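Here's coords_27.tsv, which has TSV, C-alpha atoms and all ligand atoms:
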chain	number	residue	atom	x	y	z
X	180	MET	CA	81.31	9.24	-160.46
X	181	ASP	CA	84.98	9.40	-159.32
X	182	ASP	CA	84.36	7.04	-156.46
X	183	ALA	CA	82.60	4.55	-158.71
X	184	ILE	CA	83.77	0.95	-158.66
X	185	VAL	CA	82.28	0.43	-162.11
X	186	SER	CA	81.89	3.29	-164.53
X	187	VAL	CA	80.36	2.50	-167.91
X	188	THR	CA	79.86	5.46	-170.22
X	189	ASN	CA	77.93	5.46	-173.46
X	190	VAL	CA	78.77	1.89	-174.38
X	191	THR	CA	77.29	0.55	-177.56
X	192	ARG	CA	77.77	-3.01	-178.75
X	193	ARG	CA	76.58	-4.64	-181.94
X	194	PHE	CA	76.76	-8.28	-182.92
X	195	GLY	CA	76.16	-8.10	-186.66
X	196	VAL	CA	72.79	-6.41	-186.98
X	197	THR	CA	71.85	-7.04	-183.36
X	198	LEU	CA	72.20	-4.01	-181.14
X	199	ALA	CA	73.03	-5.66	-177.80
X	200	LEU	CA	73.89	-2.45	-175.90
X	201	ALA	CA	72.76	0.98	-177.05
X	202	GLY	CA	74.59	3.89	-175.40
X	203	VAL	CA	74.60	2.39	-171.92
X	204	THR	CA	75.79	4.59	-169.08
X	205	LEU	CA	75.88	3.23	-165.56
X	206	SER	CA	77.96	4.03	-162.53
X	207	LEU	CA	78.17	1.80	-159.46
X	208	PRO	CA	79.46	3.44	-156.29
X	209	ARG	CA	81.40	1.30	-153.82
X	210	GLY	CA	79.41	-0.87	-151.43
X	211	GLY	CA	75.94	-2.14	-152.11
X	212	VAL	CA	74.09	-4.75	-154.10
X	213	TYR	CA	73.20	-3.75	-157.65
X	214	GLY	CA	70.59	-5.82	-159.48
X	215	LEU	CA	70.53	-5.69	-163.27
X	216	VAL	CA	67.18	-6.97	-164.41
X	217	GLY	CA	65.77	-7.64	-167.85
X	218	ALA	CA	64.28	-10.32	-170.07
X	219	ASN	CA	66.36	-12.93	-171.88
X	220	GLY	CA	68.37	-11.19	-174.58
X	221	ALA	CA	68.03	-7.73	-172.99
X	222	GLY	CA	71.82	-7.27	-172.85
X	223	LYS	CA	72.70	-8.28	-169.27
X	224	THR	CA	75.48	-10.74	-170.10
X	225	THR	CA	76.91	-8.40	-172.74
X	226	PHE	CA	77.05	-5.64	-170.13
X	227	ILE	CA	78.79	-7.94	-167.63
X	228	ARG	CA	81.28	-9.12	-170.25
X	229	HIS	CA	82.28	-5.51	-170.83
X	230	VAL	CA	82.78	-4.97	-167.09
X	231	LEU	CA	85.07	-8.00	-166.99
X	232	GLY	CA	87.00	-6.90	-170.07
X	233	LEU	CA	85.92	-9.98	-172.01
X	234	LEU	CA	84.43	-7.68	-174.63
X	235	ARG	CA	86.01	-4.45	-175.80
X	236	ALA	CA	83.64	-1.49	-176.06
X	237	GLN	CA	83.04	-0.67	-179.71
X	238	GLU	CA	81.91	2.76	-178.59
X	239	GLY	CA	82.15	4.40	-175.18
X	240	SER	CA	84.33	3.54	-172.22
X	241	VAL	CA	84.44	1.07	-169.32
X	242	ARG	CA	86.39	1.58	-166.12
X	243	VAL	CA	86.52	-0.77	-163.15
X	244	PHE	CA	88.41	0.50	-160.08
X	245	GLY	CA	89.40	3.32	-162.43
X	246	LEU	CA	91.17	0.84	-164.73
X	247	ASP	CA	90.40	-0.28	-168.27
X	248	PRO	CA	89.57	-4.00	-167.89
X	249	VAL	CA	90.66	-4.79	-171.48
X	250	ALA	CA	94.04	-3.06	-171.13
X	251	ASP	CA	94.69	-4.28	-167.58
X	252	PRO	CA	92.93	-7.61	-167.09
X	253	VAL	CA	95.13	-8.73	-164.19
X	254	GLY	CA	94.74	-5.42	-162.34
X	255	VAL	CA	90.97	-5.72	-162.60
X	256	LEU	CA	90.23	-9.45	-162.47
X	257	SER	CA	92.43	-10.12	-159.43
X	258	ARG	CA	89.99	-7.92	-157.49
X	259	VAL	CA	86.81	-9.40	-159.00
X	260	GLY	CA	84.90	-12.59	-158.20
X	261	TYR	CA	82.83	-13.82	-161.11
X	262	LEU	CA	80.17	-16.46	-161.53
X	263	SER	CA	79.14	-16.95	-165.13
X	264	GLU	CA	75.64	-17.91	-166.17
X	265	ASP	CA	76.66	-21.43	-167.21
X	266	HIS	CA	79.13	-21.91	-164.29
X	267	ASP	CA	81.88	-22.89	-166.70
X	268	LEU	CA	84.08	-25.03	-164.50
X	269	PRO	CA	86.84	-27.46	-165.53
X	270	THR	CA	84.76	-30.64	-165.46
X	271	TRP	CA	87.83	-32.90	-165.60
X	272	MET	CA	89.02	-31.70	-162.17
X	273	ARG	CA	87.97	-32.87	-158.74
X	274	VAL	CA	86.53	-30.34	-156.29
X	275	ASP	CA	89.71	-30.24	-154.18
X	276	GLU	CA	91.84	-29.80	-157.30
X	277	LEU	CA	89.81	-26.81	-158.40
X	278	LEU	CA	90.06	-25.29	-154.92
X	279	ARG	CA	93.85	-25.73	-154.88
X	280	TYR	CA	94.10	-24.30	-158.38
X	281	SER	CA	91.90	-21.30	-157.51
X	282	ARG	CA	93.88	-20.69	-154.32
X	283	ALA	CA	97.10	-20.59	-156.35
X	284	LEU	CA	95.57	-18.02	-158.70
X	285	HIS	CA	94.35	-15.74	-155.94
X	286	PRO	CA	96.87	-14.49	-153.38
X	287	ALA	CA	94.01	-13.20	-151.23
X	288	TRP	CA	92.32	-16.64	-151.05
X	289	ASP	CA	90.83	-17.14	-147.57
X	290	GLU	CA	91.19	-20.83	-146.79
X	291	ALA	CA	89.04	-20.78	-143.65
X	292	TYR	CA	86.22	-19.01	-145.50
X	293	ALA	CA	86.54	-21.39	-148.47
X	294	GLU	CA	86.21	-24.36	-146.11
X	295	GLU	CA	83.23	-22.78	-144.35
X	296	LEU	CA	81.50	-22.25	-147.68
X	297	ARG	CA	82.36	-25.78	-148.83
X	298	ARG	CA	80.68	-27.22	-145.73
X	299	THR	CA	77.68	-24.90	-145.99
X	300	PHE	CA	77.27	-25.90	-149.63
X	301	GLY	CA	77.72	-29.60	-148.83
X	302	LEU	CA	80.42	-30.15	-151.44
X	303	ASP	CA	82.49	-33.33	-151.35
X	304	THR	CA	86.17	-32.54	-151.98
X	305	THR	CA	86.80	-35.83	-153.77
X	306	ALA	CA	83.91	-35.52	-156.23
X	307	ARG	CA	84.77	-35.09	-159.88
X	308	ILE	CA	83.20	-31.84	-161.15
X	309	ALA	CA	81.73	-33.66	-164.16
X	310	THR	CA	79.58	-35.74	-161.81
X	311	LEU	CA	78.14	-32.78	-159.87
X	312	SER	CA	74.51	-31.75	-160.35
X	313	LYS	CA	73.71	-28.36	-161.84
X	314	GLY	CA	72.97	-26.99	-158.37
X	315	GLN	CA	76.24	-28.35	-156.95
X	316	LYS	CA	78.17	-26.79	-159.84
X	317	ALA	CA	76.46	-23.47	-159.11
X	318	ARG	CA	77.48	-23.73	-155.44
X	319	LEU	CA	81.06	-24.59	-156.36
X	320	GLY	CA	81.22	-21.69	-158.84
X	321	LEU	CA	79.92	-19.37	-156.15
X	322	LEU	CA	82.49	-20.64	-153.64
X	323	VAL	CA	85.35	-19.99	-156.09
X	324	ALA	CA	83.98	-16.51	-156.84
X	325	LEU	CA	83.74	-15.64	-153.13
X	326	ALA	CA	86.69	-17.22	-151.36
X	327	HIS	CA	89.26	-14.57	-152.27
X	328	ARG	CA	86.92	-11.94	-150.81
X	329	PRO	CA	86.82	-9.82	-153.96
X	330	GLU	CA	86.13	-6.09	-153.87
X	331	LEU	CA	83.63	-6.59	-156.66
X	332	LEU	CA	81.50	-9.70	-157.01
X	333	VAL	CA	79.82	-10.16	-160.40
X	334	LEU	CA	77.13	-12.82	-160.69
X	335	ASP	CA	75.42	-13.51	-163.99
X	336	GLU	CA	71.99	-15.02	-163.27
X	337	PRO	CA	73.28	-16.53	-160.01
X	338	SER	CA	70.06	-18.24	-159.09
X	339	SER	CA	69.85	-20.32	-162.25
X	340	GLY	CA	70.55	-23.87	-161.13
X	341	LEU	CA	70.36	-23.07	-157.45
X	342	ASP	CA	67.65	-24.67	-155.38
X	343	PRO	CA	65.25	-22.32	-153.58
X	344	VAL	CA	66.92	-22.72	-150.18
X	345	VAL	CA	70.38	-21.76	-151.43
X	346	ARG	CA	68.83	-19.01	-153.52
X	347	ARG	CA	66.81	-17.43	-150.78
X	348	ASP	CA	68.91	-18.07	-147.68
X	349	ILE	CA	72.54	-18.46	-148.71
X	350	LEU	CA	72.85	-16.33	-151.83
X	351	ALA	CA	70.95	-13.44	-150.32
X	352	ALA	CA	72.97	-13.66	-147.09
X	353	VAL	CA	76.26	-13.74	-148.98
X	354	MET	CA	75.35	-10.66	-151.01
X	355	ARG	CA	74.22	-8.79	-147.93
X	356	THR	CA	77.41	-9.61	-146.02
X	357	ILE	CA	79.56	-8.42	-148.90
X	358	ALA	CA	77.72	-5.11	-149.06
X	359	GLN	CA	77.96	-4.67	-145.28
X	360	GLU	CA	81.71	-5.16	-145.54
X	361	GLY	CA	81.85	-2.23	-147.98
X	362	ARG	CA	82.33	-4.42	-151.03
X	363	THR	CA	80.17	-4.31	-154.12
X	364	VAL	CA	77.93	-6.86	-155.80
X	365	LEU	CA	76.61	-6.66	-159.34
X	366	PHE	CA	74.20	-9.41	-160.28
X	367	SER	CA	71.90	-9.98	-163.20
X	368	SER	CA	68.50	-11.59	-163.06
X	369	HIS	CA	65.34	-12.00	-165.04
X	370	LEU	CA	63.40	-12.33	-161.80
X	371	LEU	CA	62.02	-9.13	-160.34
X	372	ASP	CA	61.15	-10.66	-156.98
X	373	GLU	CA	64.73	-11.83	-156.56
X	374	VAL	CA	66.07	-8.35	-157.28
X	375	GLU	CA	63.53	-6.84	-154.92
X	376	GLN	CA	64.60	-9.19	-152.12
X	377	VAL	CA	68.36	-8.65	-152.25
X	378	ALA	CA	69.29	-5.53	-154.19
X	379	ASP	CA	69.75	-2.00	-152.83
X	380	HIS	CA	69.69	-0.60	-156.31
X	381	VAL	CA	67.83	-1.79	-159.37
X	382	THR	CA	68.74	-1.20	-163.00
X	383	MET	CA	66.20	-2.27	-165.61
X	384	ILE	CA	67.53	-3.06	-169.07
X	385	HIS	CA	65.43	-3.61	-172.15
X	386	GLU	CA	66.67	-4.21	-175.71
X	387	GLY	CA	70.14	-2.92	-174.83
X	388	ARG	CA	68.91	0.27	-173.16
X	389	ILE	CA	68.75	1.17	-169.51
X	390	VAL	CA	65.19	2.22	-168.88
X	391	LEU	CA	65.46	2.81	-165.15
X	392	SER	CA	68.25	2.86	-162.58
X	393	THR	CA	67.56	3.87	-159.02
X	394	SER	CA	67.75	2.75	-155.42
X	395	LEU	CA	64.95	0.49	-154.27
X	396	ALA	CA	64.21	2.92	-151.44
X	397	GLN	CA	63.69	5.78	-153.91
X	398	LEU	CA	61.67	3.57	-156.19
X	399	ARG	CA	59.35	2.58	-153.36
X	400	GLN	CA	58.95	6.19	-152.34
X	401	ALA	CA	58.24	7.38	-155.87
X	402	HIS	CA	55.84	4.55	-156.69
X	403	ALA	CA	54.18	3.92	-153.36
X	404	GLY	CA	52.09	0.79	-153.51
X	405	ALA	CA	53.26	-0.31	-156.97
X	406	SER	CA	55.10	-3.62	-157.35
X	407	LEU	CA	58.42	-3.83	-159.19
X	408	ASP	CA	56.48	-5.78	-161.78
X	409	ASP	CA	54.14	-2.84	-162.40
X	410	ILE	CA	57.06	-0.43	-162.58
X	411	PHE	CA	58.81	-2.67	-165.11
X	412	VAL	CA	55.67	-2.78	-167.25
X	413	ALA	CA	55.35	1.00	-167.06
X	414	HIS	CA	58.87	1.40	-168.45
X	415	VAL	CA	59.06	-1.47	-170.88
X	416	GLY	CA	55.49	-2.00	-171.96
X	417	ARG	CA	55.36	-5.67	-171.07
X	418	ARG	CA	55.75	-8.02	-168.19
X	419	LEU	CA	58.81	-10.15	-167.42
X	420	PRO	CA	58.00	-13.85	-167.32
X	421	ALA	CA	57.72	-14.94	-163.66
X	422	ASP	CA	60.40	-17.60	-164.21
X	423	ALA	CA	62.20	-19.12	-167.15
O	501	LIG	P1	70.19	-14.06	-171.36
O	501	LIG	O1	69.70	-14.06	-169.97
O	501	LIG	O2	69.35	-14.82	-172.31
O	501	LIG	O3	71.68	-14.38	-171.50
O	501	LIG	P2	70.93	-11.31	-171.65
O	501	LIG	O4	70.09	-10.21	-171.13
O	501	LIG	O5	72.13	-11.70	-170.89
O	501	LIG	O6	70.01	-12.55	-171.88
O	501	LIG	P3	72.75	-10.99	-173.86
O	501	LIG	O7	73.28	-12.38	-173.75
O	501	LIG	O8	73.59	-9.89	-173.40
O	501	LIG	O9	71.33	-10.89	-173.13
O	501	LIG	O10	72.33	-10.75	-175.37
O	501	LIG	C1	71.90	-9.50	-175.89
O	501	LIG	C2	71.66	-9.66	-177.38
O	501	LIG	O11	72.91	-9.83	-178.05
O	501	LIG	C3	70.82	-10.86	-177.74
O	501	LIG	O12	70.02	-10.51	-178.87
O	501	LIG	C4	71.84	-11.90	-178.10
O	501	LIG	O13	71.31	-12.82	-179.04
O	501	LIG	C5	72.92	-11.06	-178.74
O	501	LIG	N1	74.26	-11.65	-178.56
O	501	LIG	C6	74.92	-11.77	-177.38
O	501	LIG	N2	76.15	-12.31	-177.57
O	501	LIG	C7	76.26	-12.55	-178.90
O	501	LIG	C8	77.29	-13.09	-179.73
O	501	LIG	N3	78.46	-13.49	-179.24
O	501	LIG	N4	77.05	-13.16	-181.06
O	501	LIG	C9	75.88	-12.73	-181.58
O	501	LIG	N5	74.87	-12.20	-180.87
O	501	LIG	C10	75.05	-12.10	-179.54
Rewritten as structure tokens:
Amino acid sequence: MDDAIVSVTNVTRRFGVTLALAGVTLSLPRGGVYGLVGANGAGKTTFIRHVLGLLRAQEGSVRVFGLDPVADPVGVLSRVGYLSEDHDLPTWMRVDELLRYSRALHPAWDEAYAEELRRTFGLDTTARIATLSKGQKARLGLLVALAHRPELLVLDEPSSGLDPVVRRDILAAVMRTIAQEGRTVLFSSHLLDEVEQVADHVTMIHEGRIVLSTSLAQLRQAHAGASLDDIFVAHVGRRLPADA
């Protein structure tokens, strides 16, 4: 627990009458790829927003690198790369302007890596962000999240908007590299096969509650022969849609 990069303890969050998180406890040790999987509305984004300090825990506590992300946003966010679900980028900027701006914000920005990613992602520096396709925006958002080599990378539904090639080859490779370098990735998904392909550890969330959290290796050992889909059904009582 002490060595955890993210330590969420008994966090409950209500929006009016909606119980978005119900006593969630989850600890992420350093290094590794953690997949948070659940249906739409299960509480994934709400969980991530607590980790980033964008929401204050109504009950319970959140620590990231041992710090409270609400009380010390700079201390936490300077060490985190984040890609939001809707890739909210400043659409009035050009790609090169956003890269310069992001570099100024992040002292640890790695220019050579940023340029390598820009080429891999096929992004034109002079393009106005407003004119980019959804997939290009997702690639640009990912580049900005990665180029300062954060200790913790948080991706909310990273594959939404990404084409299958980027999804399968690039995204998976990026996550793997980060974990091999001893850094930590937390990503959310509603796709079990995606989680199965890239995560070391899977956490299933349903109606604001964590119903299962274990390493994929242990899961496979405990449920030999069963698919992640079957295991999800066993814990939640219904299937996740294959894609949405
Ligand atoms: P999705 O993939 O659809 O974003 P999710 O698993 O990320 O799903 P959340 O966005 O965390 O789910 O939402 C959990 C619940 O909390 C849902 O019932 C959602 O409608 C509700 N909720 C989330 N944010 C708010 C908000 N700002 N105001 C009111 N209700 C909210």
Legend entry - Minimum-distance residue to Ile308 of chain X, chosen among X:Arg347, X:Arg273, X:His414, X:His266 (using all atoms listed in the file):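 Of the candidates, the smallest distance to Ile308 of chain X is held by X:Arg273.
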Legend entry - Residues near Ala293 of chain X, cut-off 12 Å, only C-alpha atoms, skip fewer than 6 positions along chain, as an MDAnalysis selection string: chainID X and resid 274:275 277:279 281:282 287 299:300 302 304 318:328
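Between atom CA of Val230 of chain X and atom CA of Val190 of chain X the interatomic distance comes to 10.8 Å.
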Legend entry - Between atom CA of Asp379 of chain X and atom CA of Gly245 of chain X - distance in Å to one decimal: 22.5 Å
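Taking all atoms listed in the file into account, Asp342 of chain X lies nearest to X:Gln315 out of the set X:Asn189, X:Gln315, X:Ser406, X:Gln397.
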Inset, instruction - Compute the set of protein, DNA and RNA residues whose minimum atom distance to ligand LIG 501 (chain O) is at most 7 Å, using all atoms listed in the file, and state it as a VMD selection string. - result: chain X and resid 194 to 195 197 to 199 217 to 226 369 387
Mind dumping the selected residues with C-alpha atoms as a short mmCIF file (atom, residue, chain, number, x, y, z; two decimals), in the coordinates of the input?
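Below is the file result.cif, written as the result:
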data_model
loop_
_atom_site.label_atom_id
_atom_site.label_comp_id
_atom_site.auth_asym_id
_atom_site.auth_seq_id
_atom_site.Cartn_x
_atom_site.Cartn_y
_atom_site.Cartn_z
CA PHE X 194 76.76 -8.28 -182.92
CA GLY X 195 76.16 -8.10 -186.66
CA THR X 197 71.85 -7.04 -183.36
CA LEU X 198 72.20 -4.01 -181.14
CA ALA X 199 73.03 -5.66 -177.80
CA GLY X 217 65.77 -7.64 -167.85
CA ALA X 218 64.28 -10.32 -170.07
CA ASN X 219 66.36 -12.93 -171.88
CA GLY X 220 68.37 -11.19 -174.58
CA ALA X 221 68.03 -7.73 -172.99
CA GLY X 222 71.82 -7.27 -172.85
CA LYS X 223 72.70 -8.28 -169.27
CA THR X 224 75.48 -10.74 -170.10
CA THR X 225 76.91 -8.40 -172.74
CA PHE X 226 77.05 -5.64 -170.13
CA HIS X 369 65.34 -12.00 -165.04
CA GLY X 387 70.14 -2.92 -174.83
#
Inset, instruction - Mind giving me the straight-line distance from atom CA of Ala236 of chain X to atom CA of Ser186 of chain X in Å, one decimal? - result: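 If I compute the distance from atom CA of Ala236 of chain X to atom CA of Ser186 of chain X, I get 12.6 Å.
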